[in-house]
Amino acid sequence: MTKGGMESVEVFTSEGKGRGLKAQKEFLPGDVIFAEPAYAAVVFDSLTHVICHTCFKRQERLHRCGQCKFAYYCDRTCQRAAWLNHKNECSAIKRHGKAPTENIRLAARILWKIEREGSGLAEGCLVSIDDLQNHVDSFGEEEKKELRTDVESFLEFWPPQSQQFGVQFISHIFGVISCNGFTLSDQRGLQAVGVGIFPNLCQANHDCWPNCTVIFNNGNHEAVRSMFHTQMRIELRALSKISPGDELTVSYVDFLNVSEERRKQLKKQYYFDCACEHCKKQIKDDLMLAVKEGESKPSAETVKEVIQFSKDTLEKINKARMEGLYHEVVKLCRECLKKQEPVLGDTNIYLLRILSIASEVLSYLQMFEEAADYAKRMVDGYMKIYHPNNAQLGMAVMRAGVTHWHAGLIEAGHGLICKAYAILLITHGPSHPITKDLEVMRVQTEMELRMFQQNEFMYYKMREAALKNQKIQVMPEPSNETSPSLFHKKE
């Protein structure tokens, strides 16, 4: 079954997993299997005034909708592109007196689209909104209570002149959002800024070691001629060689967790028991829980104590980060590493988590040499655990490369930036803003490396002068979230 731009995939019934997607032809790493525009999408409540409501890019100055005073856009192009989806919302917000929450706004956009086009198969979709999973029957008491509240708020917001839908169908839409909402990120891919529904993507089943990745592309409206504009979309990209007939899988959770924890998370959020190869055989669990080998192997009791200490420290770190106490974070990381180093192995996830936070926060505080040391160890551990073409691995290697570059370790910095570039070419593609940024860094560090190899003394002299004249590029402030997860869950 294929439809507009979806010729290379088909929906099939997957053994024990319900519907799934299957490749119709061969794909190589980095190939775009399909690109899909959002059926409906909204910006998170907390960011509505700093993110464009059409392309989800973060901008300094945005145009505000003169009617509802709620929606913001990059420019007239984005505002015009939004009108079809914003028109009903605009008058409903004016009538209601204020904008409702992101969940209500997304449900309303979906139902207005159904009012316009019907709930059958939309153009380019393999399944209709009616047929998407809602898992409402699996909801716990708390979730059912939230659902009832959402439906009540929705009915208050929904205009009387719009098509009226039954409570059961409205509940179905909220269930679909809860299970299938996809996280949208800003143009740098570093912050989750909204949530959207992509019906074709919803058909891809989970695997902890998937053969595909999903990247959000904000599109491009910068070309002078609108015929060259590209719209916001997700891209399903191949991570490894895929043969015709292979199932296409994506990972709903970060791999950096032991199989038992991943399975718990998947059960809680997506209501299924993961039976993938990596979970069944607990592949890589031994690496993630590794302890120091050698003469004085630590006792099980000591390992248990250190892991508990690490968990407690991570809670304290989160609290300190929330309050912006970055020097306190560094102090906590150093104390924890001191306890971990004689006990935990180099690939132990508790050690890697602390190394990751320490390198990020120290970079932000411009203590680049210490940050680079931790970043190097973190990347060495990640390389042994992650799939070689994993987007999160690529981003971590990029961060480590930039940190080494800032620390004046030009050889290691350039090497890591090249490694990150090779990964991101596959996961993000050459035209993604992050890959383009990385390409600029790669050229810059290559030039500096040549200068360094010709005359080390002159290189450091010039670097010193350059740093005196310009403030070194500050790393973005550490965020309290890991990189955006694939599907958006209302916590």
# chains A, B, ... in the order shown; residues from 1 in each chain; ligands from 1

call {"tool": "select_by_dssp", "arguments": {"residues": "segment 151-373 of chain A", "states": "strand (DSSP E)", "output": "list of chain:residue names"}}
result
A:Phe182, A:Thr183, A:Leu184, A:Ser185, A:Ala192, A:Val193, A:Gly194, A:Val195, A:Gly196, A:Ile197, A:Asn205, A:His206, A:Cys212, A:Thr213, A:Val214, A:Ile215, A:Phe216, A:Asn217, A:Arg233, A:Ile234, A:Glu235, A:Leu236, A:Arg237, A:Ala238, A:Glu247, A:Leu248, A:Thr249, A:Val250

call {"tool": "residues_around", "arguments": {"residues": "Leu409 of chain A", "least_positions_apart": "2", "cutoff": "12 Å", "atoms": "only C-alpha atoms", "output": "VMD selection string"}}
result
chain A and resid 368 to 373 376 400 to 407 411 to 416 445 448 to 449 452 456 459 to 460 463

call {"tool": "atom_distance", "arguments": {"atom1": "atom CA of Gln163 of chain A", "atom2": "atom CA of Glu115 of chain A"}}
result
6.4 Å

call {"tool": "closest_residue", "arguments": {"among": "A:Asp286, A:Glu293, A:Glu89, A:Glu360", "to": "Asn348 of chain A", "atoms": "only C-alpha atoms"}}
result
A:Asp286

call {"tool": "residues_around", "arguments": {"residues": "segment 332-344 of chain A", "least_positions_apart": "4", "cutoff": "8 Å", "atoms": "only C-alpha atoms", "output": "PyMOL selection string"}}
result
chain A and resi 289-292+297-298+302-303+306+309-310+313+316-317+328+348+351+354-355+357-358

call {"tool": "write_last_selection", "arguments": {"atoms": "N, CA, C and O atoms", "output": "compact mmCIF listing (two decimals), in the first residue's frame"}}
result
# COMPACT_ATOMS: atom_id res chain seq x y z
N LEU A 289 27.18 -1.82 32.87
CA LEU A 289 27.30 -2.01 34.32
C LEU A 289 28.73 -2.44 34.70
O LEU A 289 28.96 -2.99 35.77
N ALA A 290 29.68 -2.17 33.79
CA ALA A 290 31.05 -2.65 33.99
C ALA A 290 31.67 -2.11 35.29
O ALA A 290 31.42 -0.98 35.69
N VAL A 291 32.48 -2.99 35.93
CA VAL A 291 33.24 -2.55 37.11
C VAL A 291 34.73 -2.70 36.80
O VAL A 291 35.11 -3.39 35.86
N LYS A 292 35.56 -2.04 37.59
CA LYS A 292 37.01 -2.08 37.37
C LYS A 292 37.54 -3.52 37.47
O LYS A 292 37.22 -4.23 38.40
N LYS A 297 39.69 -6.24 42.45
CA LYS A 297 38.34 -6.06 41.90
C LYS A 297 37.41 -5.68 43.06
O LYS A 297 37.41 -6.35 44.11
N PRO A 298 36.62 -4.62 42.90
CA PRO A 298 35.77 -4.18 44.03
C PRO A 298 34.71 -5.21 44.38
O PRO A 298 34.24 -5.96 43.51
N THR A 302 30.62 -2.84 47.55
CA THR A 302 31.22 -1.53 47.20
C THR A 302 30.57 -0.98 45.93
O THR A 302 30.23 0.20 45.85
N VAL A 303 30.39 -1.86 44.93
CA VAL A 303 29.77 -1.44 43.66
C VAL A 303 28.37 -0.89 43.93
O VAL A 303 27.99 0.18 43.44
N VAL A 306 28.55 2.56 45.53
CA VAL A 306 28.95 3.62 44.59
C VAL A 306 27.82 3.96 43.62
O VAL A 306 27.60 5.13 43.30
N PHE A 309 25.37 6.01 45.50
CA PHE A 309 25.93 7.36 45.67
C PHE A 309 25.78 8.16 44.36
O PHE A 309 25.44 9.34 44.37
N SER A 310 26.02 7.48 43.23
CA SER A 310 25.90 8.14 41.92
C SER A 310 24.47 8.60 41.67
O SER A 310 24.23 9.72 41.21
N THR A 313 23.74 11.56 43.81
CA THR A 313 24.45 12.74 43.30
C THR A 313 23.72 13.31 42.07
O THR A 313 23.59 14.53 41.93
N LYS A 316 20.99 15.49 43.18
CA LYS A 316 21.50 16.79 43.68
C LYS A 316 21.93 17.68 42.52
O LYS A 316 21.72 18.89 42.53
N ILE A 317 22.57 17.05 41.52
CA ILE A 317 23.03 17.80 40.33
C ILE A 317 21.84 18.44 39.61
O ILE A 317 21.88 19.62 39.25
N GLU A 328 28.50 24.57 41.79
CA GLU A 328 28.07 23.50 42.70
C GLU A 328 27.98 22.18 41.92
O GLU A 328 28.38 21.11 42.41
N ASN A 348 30.73 2.20 32.22
CA ASN A 348 29.61 2.15 33.15
C ASN A 348 28.74 3.40 32.97
O ASN A 348 29.24 4.52 32.97
N LEU A 351 29.07 6.32 35.45
CA LEU A 351 30.30 7.10 35.24
C LEU A 351 30.11 8.01 34.01
O LEU A 351 30.43 9.20 34.05
N ILE A 354 27.96 11.14 34.62
CA ILE A 354 28.65 12.20 35.36
C ILE A 354 29.69 12.88 34.45
O ILE A 354 29.81 14.11 34.44
N LEU A 355 30.40 12.09 33.66
CA LEU A 355 31.39 12.68 32.73
C LEU A 355 30.72 13.63 31.74
O LEU A 355 31.24 14.70 31.43
N ILE A 357 27.85 15.36 32.11
CA ILE A 357 27.42 16.60 32.77
C ILE A 357 28.64 17.47 33.08
O ILE A 357 28.64 18.67 32.83
N ALA A 358 29.70 16.84 33.62
CA ALA A 358 30.90 17.59 33.99
C ALA A 358 31.50 18.29 32.77
O ALA A 358 31.82 19.49 32.83

call {"tool": "closest_residue", "arguments": {"among": "A:Ile307, A:Lys284, A:Ile234, A:Glu60", "to": "Met383 of chain A", "atoms": "only C-alpha atoms"}}
result
A:Lys284
